[in-house]
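Listing of entry_19.cif, mmCIF, C-alpha atoms
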data_my_file
#
loop_
_atom_site.group_PDB
_atom_site.id
_atom_site.type_symbol
_atom_site.label_atom_id
_atom_site.label_comp_id
_atom_site.auth_asym_id
_atom_site.auth_seq_id
_atom_site.Cartn_x
_atom_site.Cartn_y
_atom_site.Cartn_z
ATOM 1 C CA SER A 5 -17.079 37.448 -13.961
ATOM 2 C CA ALA A 6 -17.861 33.855 -13.049
ATOM 3 C CA LEU A 7 -17.350 32.730 -16.650
ATOM 4 C CA ALA A 8 -13.901 34.323 -16.833
ATOM 5 C CA SER A 9 -12.781 32.722 -13.543
ATOM 6 C CA THR A 10 -14.075 29.323 -14.741
ATOM 7 C CA GLU A 11 -12.103 29.715 -17.947
ATOM 8 C CA THR A 12 -8.985 30.609 -15.919
ATOM 9 C CA MET A 13 -9.509 27.591 -13.652
ATOM 10 C CA LEU A 14 -9.864 25.282 -16.643
ATOM 11 C CA HIS A 15 -6.718 26.761 -18.190
ATOM 12 C CA ASP A 16 -4.825 26.299 -14.882
ATOM 13 C CA GLN A 17 -6.005 22.691 -14.570
ATOM 14 C CA GLU A 18 -4.953 21.975 -18.143
ATOM 15 C CA SER A 19 -1.533 23.515 -17.414
ATOM 16 C CA LEU A 20 -1.160 21.316 -14.341
ATOM 17 C CA ARG A 21 -2.168 18.275 -16.336
ATOM 18 C CA HIS A 22 0.661 18.916 -18.781
ATOM 19 C CA VAL A 23 3.104 19.124 -15.892
ATOM 20 C CA PHE A 24 1.914 16.138 -13.813
ATOM 21 C CA TYR A 25 -0.008 13.874 -16.168
ATOM 22 C CA LEU A 26 1.741 10.855 -17.659
ATOM 23 C CA PRO A 27 -0.476 9.181 -20.259
ATOM 24 C CA ASN A 28 1.837 6.170 -20.526
ATOM 25 C CA LYS A 29 1.273 3.804 -17.571
ATOM 26 C CA GLU A 30 4.675 2.144 -18.019
ATOM 27 C CA GLN A 31 6.421 5.516 -17.788
ATOM 28 C CA LEU A 32 4.447 6.339 -14.659
ATOM 29 C CA LEU A 33 5.476 3.022 -13.097
ATOM 30 C CA ARG A 34 9.167 3.612 -13.908
ATOM 31 C CA PHE A 35 9.002 6.955 -12.094
ATOM 32 C CA TYR A 36 7.222 5.368 -9.149
ATOM 33 C CA TYR A 37 9.755 2.503 -8.925
ATOM 34 C CA ARG A 38 12.481 5.088 -8.482
ATOM 35 C CA ALA A 39 10.585 7.573 -6.330
ATOM 36 C CA VAL A 40 9.627 5.213 -3.511
ATOM 37 C CA PRO A 41 13.141 3.901 -2.737
ATOM 38 C CA LEU A 42 14.606 7.373 -3.214
ATOM 39 C CA LYS A 43 12.135 8.799 -0.716
ATOM 40 C CA ALA A 44 13.015 6.066 1.778
ATOM 41 C CA VAL A 45 16.746 6.713 1.459
ATOM 42 C CA LEU A 46 16.382 10.465 1.694
ATOM 43 C CA SER A 47 14.193 10.201 4.767
ATOM 44 C CA LYS A 48 16.869 8.031 6.418
ATOM 45 C CA VAL A 49 19.516 10.605 5.571
ATOM 46 C CA SER A 50 17.390 13.517 6.757
ATOM 47 C CA TYR A 51 16.893 11.890 10.166
ATOM 48 C CA ASN A 52 20.640 11.252 10.454
ATOM 49 C CA LYS A 53 20.070 7.545 10.896
ATOM 50 C CA PRO A 54 22.924 5.332 9.804
ATOM 51 C CA SER A 55 22.039 3.177 6.845
ATOM 52 C CA VAL A 56 23.894 0.029 5.888
ATOM 53 C CA GLN A 57 23.073 0.233 2.190
ATOM 54 C CA LEU A 58 22.522 3.944 1.807
ATOM 55 C CA PHE A 59 22.539 4.411 -1.955
ATOM 56 C CA SER A 60 22.696 0.846 -3.198
ATOM 57 C CA ASP A 61 19.231 0.499 -4.709
ATOM 58 C CA PHE A 62 17.250 3.283 -6.354
ATOM 59 C CA PHE A 63 14.911 1.012 -8.261
ATOM 60 C CA ASP A 64 12.147 -1.059 -6.702
ATOM 61 C CA ASP A 65 9.832 -3.110 -8.859
ATOM 62 C CA SER A 66 8.976 -5.593 -6.126
ATOM 63 C CA PRO A 67 5.555 -7.261 -6.025
ATOM 64 C CA THR A 68 4.769 -5.204 -2.913
ATOM 65 C CA LEU A 69 5.356 -1.904 -4.680
ATOM 66 C CA ARG A 70 3.590 -3.087 -7.836
ATOM 67 C CA GLY A 71 0.585 -4.020 -5.708
ATOM 68 C CA MET A 72 0.595 -0.636 -3.982
ATOM 69 C CA ILE A 73 0.801 1.195 -7.307
ATOM 70 C CA ASN A 74 -2.050 -0.785 -8.819
ATOM 71 C CA SER A 75 -4.152 -0.139 -5.725
ATOM 72 C CA GLU A 76 -3.507 3.579 -6.190
ATOM 73 C CA LEU A 77 -4.560 3.190 -9.834
ATOM 74 C CA CYS A 78 -7.755 1.392 -8.641
ATOM 75 C CA ASP A 79 -6.791 -1.825 -10.428
ATOM 76 C CA TYR A 80 -7.490 -3.924 -7.350
ATOM 77 C CA ARG A 81 -7.536 -7.318 -9.075
ATOM 78 C CA LEU A 82 -4.032 -6.758 -10.416
ATOM 79 C CA ALA A 83 -2.985 -5.358 -7.027
ATOM 80 C CA ILE A 84 -4.222 -8.566 -5.381
ATOM 81 C CA ARG A 85 -2.123 -10.679 -7.738
ATOM 82 C CA TYR A 86 0.977 -8.685 -6.831
ATOM 83 C CA HIS A 87 0.198 -8.733 -3.102
ATOM 84 C CA GLU A 88 -0.271 -12.514 -3.295
ATOM 85 C CA GLN A 89 3.143 -12.774 -4.994
ATOM 86 C CA ALA A 90 4.655 -10.619 -2.246
ATOM 87 C CA LEU A 91 3.046 -12.737 0.475
ATOM 88 C CA LEU A 92 4.392 -15.919 -1.124
ATOM 89 C CA MET A 93 7.845 -14.339 -1.442
ATOM 90 C CA TYR A 94 7.891 -13.252 2.215
ATOM 91 C CA ARG A 95 6.653 -16.635 3.449
ATOM 92 C CA THR A 96 9.317 -18.324 1.343
ATOM 93 C CA ASN A 97 12.047 -15.989 2.639
ATOM 94 C CA TYR A 98 11.014 -15.829 6.298
ATOM 95 C CA GLY A 99 9.239 -19.173 6.663
ATOM 96 C CA GLN A 100 5.581 -20.153 6.482
ATOM 97 C CA THR A 101 4.987 -19.730 10.201
ATOM 98 C CA GLU A 102 7.514 -16.967 10.954
ATOM 99 C CA MET A 103 6.011 -13.735 12.243
ATOM 100 C CA HIS A 104 7.477 -10.830 10.248
ATOM 101 C CA PRO A 105 6.286 -7.234 9.644
ATOM 102 C CA ASP A 106 6.658 -7.629 5.850
ATOM 103 C CA THR A 107 4.352 -10.647 5.883
ATOM 104 C CA ALA A 108 1.844 -8.757 8.019
ATOM 105 C CA LYS A 109 2.012 -5.792 5.633
ATOM 106 C CA SER A 110 1.206 -8.080 2.699
ATOM 107 C CA LEU A 111 -1.748 -9.528 4.603
ATOM 108 C CA ASN A 112 -3.020 -6.013 5.328
ATOM 109 C CA ASN A 113 -2.514 -4.976 1.692
ATOM 110 C CA LEU A 114 -4.514 -8.000 0.521
ATOM 111 C CA GLY A 115 -7.269 -7.183 2.990
ATOM 112 C CA SER A 116 -7.434 -3.586 1.806
ATOM 113 C CA ALA A 117 -7.610 -4.590 -1.864
ATOM 114 C CA TRP A 118 -10.383 -7.125 -1.211
ATOM 115 C CA GLN A 119 -12.210 -4.489 0.804
ATOM 116 C CA GLN A 120 -12.058 -2.102 -2.162
ATOM 117 C CA LEU A 121 -13.628 -4.836 -4.295
ATOM 118 C CA GLY A 122 -16.436 -5.239 -1.744
ATOM 119 C CA ASP A 123 -15.453 -8.679 -0.401
ATOM 120 C CA TYR A 124 -15.492 -7.646 3.248
ATOM 121 C CA ARG A 125 -15.400 -11.209 4.631
ATOM 122 C CA LYS A 126 -12.188 -11.943 2.759
ATOM 123 C CA ALA A 127 -10.828 -8.557 3.834
ATOM 124 C CA LEU A 128 -11.613 -9.404 7.479
ATOM 125 C CA SER A 129 -9.731 -12.670 7.214
ATOM 126 C CA TYR A 130 -6.584 -10.981 5.922
ATOM 127 C CA HIS A 131 -6.804 -8.079 8.389
ATOM 128 C CA GLU A 132 -7.308 -10.469 11.322
ATOM 129 C CA GLN A 133 -4.266 -12.520 10.278
ATOM 130 C CA ALA A 134 -2.211 -9.340 10.009
ATOM 131 C CA LEU A 135 -3.349 -8.099 13.421
ATOM 132 C CA GLN A 136 -2.588 -11.436 15.081
ATOM 133 C CA MET A 137 0.875 -11.453 13.510
ATOM 134 C CA LEU A 138 1.620 -7.860 14.487
ATOM 135 C CA ARG A 139 0.536 -8.465 18.084
ATOM 136 C CA SER A 140 2.848 -11.482 18.181
ATOM 137 C CA ILE A 141 5.709 -9.345 16.884
ATOM 138 C CA TYR A 142 5.202 -6.152 18.912
ATOM 139 C CA GLY A 143 3.313 -7.451 21.942
ATOM 140 C CA GLU A 144 -0.345 -7.995 22.715
ATOM 141 C CA ASN A 145 -0.841 -4.682 24.559
ATOM 142 C CA THR A 146 1.756 -2.573 22.785
ATOM 143 C CA ALA A 147 0.710 0.692 21.162
ATOM 144 C CA HIS A 148 2.278 0.488 17.705
ATOM 145 C CA PRO A 149 1.309 2.276 14.468
ATOM 146 C CA HIS A 150 1.112 -0.982 12.482
ATOM 147 C CA ILE A 151 -1.253 -2.471 15.059
ATOM 148 C CA ALA A 152 -3.339 0.703 14.953
ATOM 149 C CA THR A 153 -3.547 0.472 11.161
ATOM 150 C CA SER A 154 -4.697 -3.148 11.373
ATOM 151 C CA LEU A 155 -7.336 -2.278 13.965
ATOM 152 C CA ASN A 156 -8.558 0.560 11.768
ATOM 153 C CA ASN A 157 -8.737 -1.765 8.742
ATOM 154 C CA LEU A 158 -10.750 -4.285 10.755
ATOM 155 C CA GLY A 159 -13.087 -1.546 11.949
ATOM 156 C CA GLU A 160 -13.730 -0.382 8.401
ATOM 157 C CA ALA A 161 -14.518 -3.919 7.226
ATOM 158 C CA TRP A 162 -16.884 -4.573 10.128
ATOM 159 C CA ASN A 163 -18.540 -1.225 9.490
ATOM 160 C CA HIS A 164 -19.195 -2.171 5.859
ATOM 161 C CA LEU A 165 -20.677 -5.463 7.049
ATOM 162 C CA GLY A 166 -23.018 -3.521 9.338
ATOM 163 C CA ASP A 167 -21.613 -4.801 12.644
ATOM 164 C CA HIS A 168 -20.972 -1.452 14.255
ATOM 165 C CA ARG A 169 -20.207 -2.917 17.702
ATOM 166 C CA LYS A 170 -17.277 -4.889 16.305
ATOM 167 C CA ALA A 171 -16.273 -1.900 14.179
ATOM 168 C CA ILE A 172 -15.739 0.115 17.344
#
Could you express the structure from this file as structure tokens?
Amino acid sequence: SALASTETMLHDQESLRHVFYLPNKEQLLRFYYRAVPLKAVLSKVSYNKPSVQLFSDFFDDSPTLRGMINSELCDYRLAIRYHEQALLMYRTNYGQTEMHPDTAKSLNNLGSAWQQLGDYRKALSYHEQALQMLRSIYGENTAHPHIATSLNNLGEAWNHLGDHRKAI
């Protein structure tokens, strides 16, 4: 019956929750800090690419990762604080005017977080800076996944602002 299948579904969901649910945010973050670098290392190994520092760092609590995690947890204000820290760190490390993919990624992350909070003008500013930087790095007419992501982010922001011509 429908009632019996609903009861089974609820039981299955509750079972899954016990397996995958971590009520303690700090514990969740500790797992995430280890999972992301581990995934990166394992993907390098699986593609048989040589890696200079193969197993040197299995813990990442960088501002970039903290910002990404908080975005996933829908805490966009906290994510913005971490992405701003990451941007400052990258500009300090690479130089204020140096074009670097990490800096562009931070700009895109900031744009995405502001977009989630509904500040589409601020999001546009960050996404435009990221796109300009990425085009300087990879070439104005180069097809590159990071450039495509930036263009998509810009399109979404323009769409939310109602300018569908620019969104396209």
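Note that CA of Ala134 (chain A) and CA of Leu111 (chain A) are 5.4 Å apart.
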### Task
May I ask for the distance between CA of Pro41 (chain A) and CA of Gln136 (chain A), given in Å to one decimal place?
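Separation of CA of Pro41 (chain A) and CA of Gln136 (chain A): 28.3 Å.
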### Message
Applying the PyMOL selection byres ((chain A and resi 71-85) around 12) to the file I just gave you, which residues come out? Please list them as a VMD selection string.
### Response
chain A and resid 29 to 30 32 to 37 39 to 40 64 to 70 86 to 92 109 to 123 126 to 127 130
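Compared by their closest atoms to Gln133 (chain A), and using all atoms listed in the file, the residues A:Ala108, A:Ala171, A:Ile151, A:Leu42 rank with A:Ala108 nearest.
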Draw an axis-aligned box tight on the listed atoms of region 102-106 of chain A, then pad every side by 8 Å and write out centre and edge lengths in Å to one decimal as lines of an AutoDock Vina configuration file.
center_x = 6.8
center_y = -12.1
center_z = 9.0
size_x = 17.5
size_y = 25.7
size_z = 22.4
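Atom pair CA of Ala152 (chain A) / CA of Leu135 (chain A): separated by 8.9 Å.
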### Task
Can you work out which one of A:Asn157, A:Ala147, A:His104, A:Tyr142 has the shortest atom-to-atom distance to Ser129 (chain A), counting all atoms listed in the file?
A:Asn157
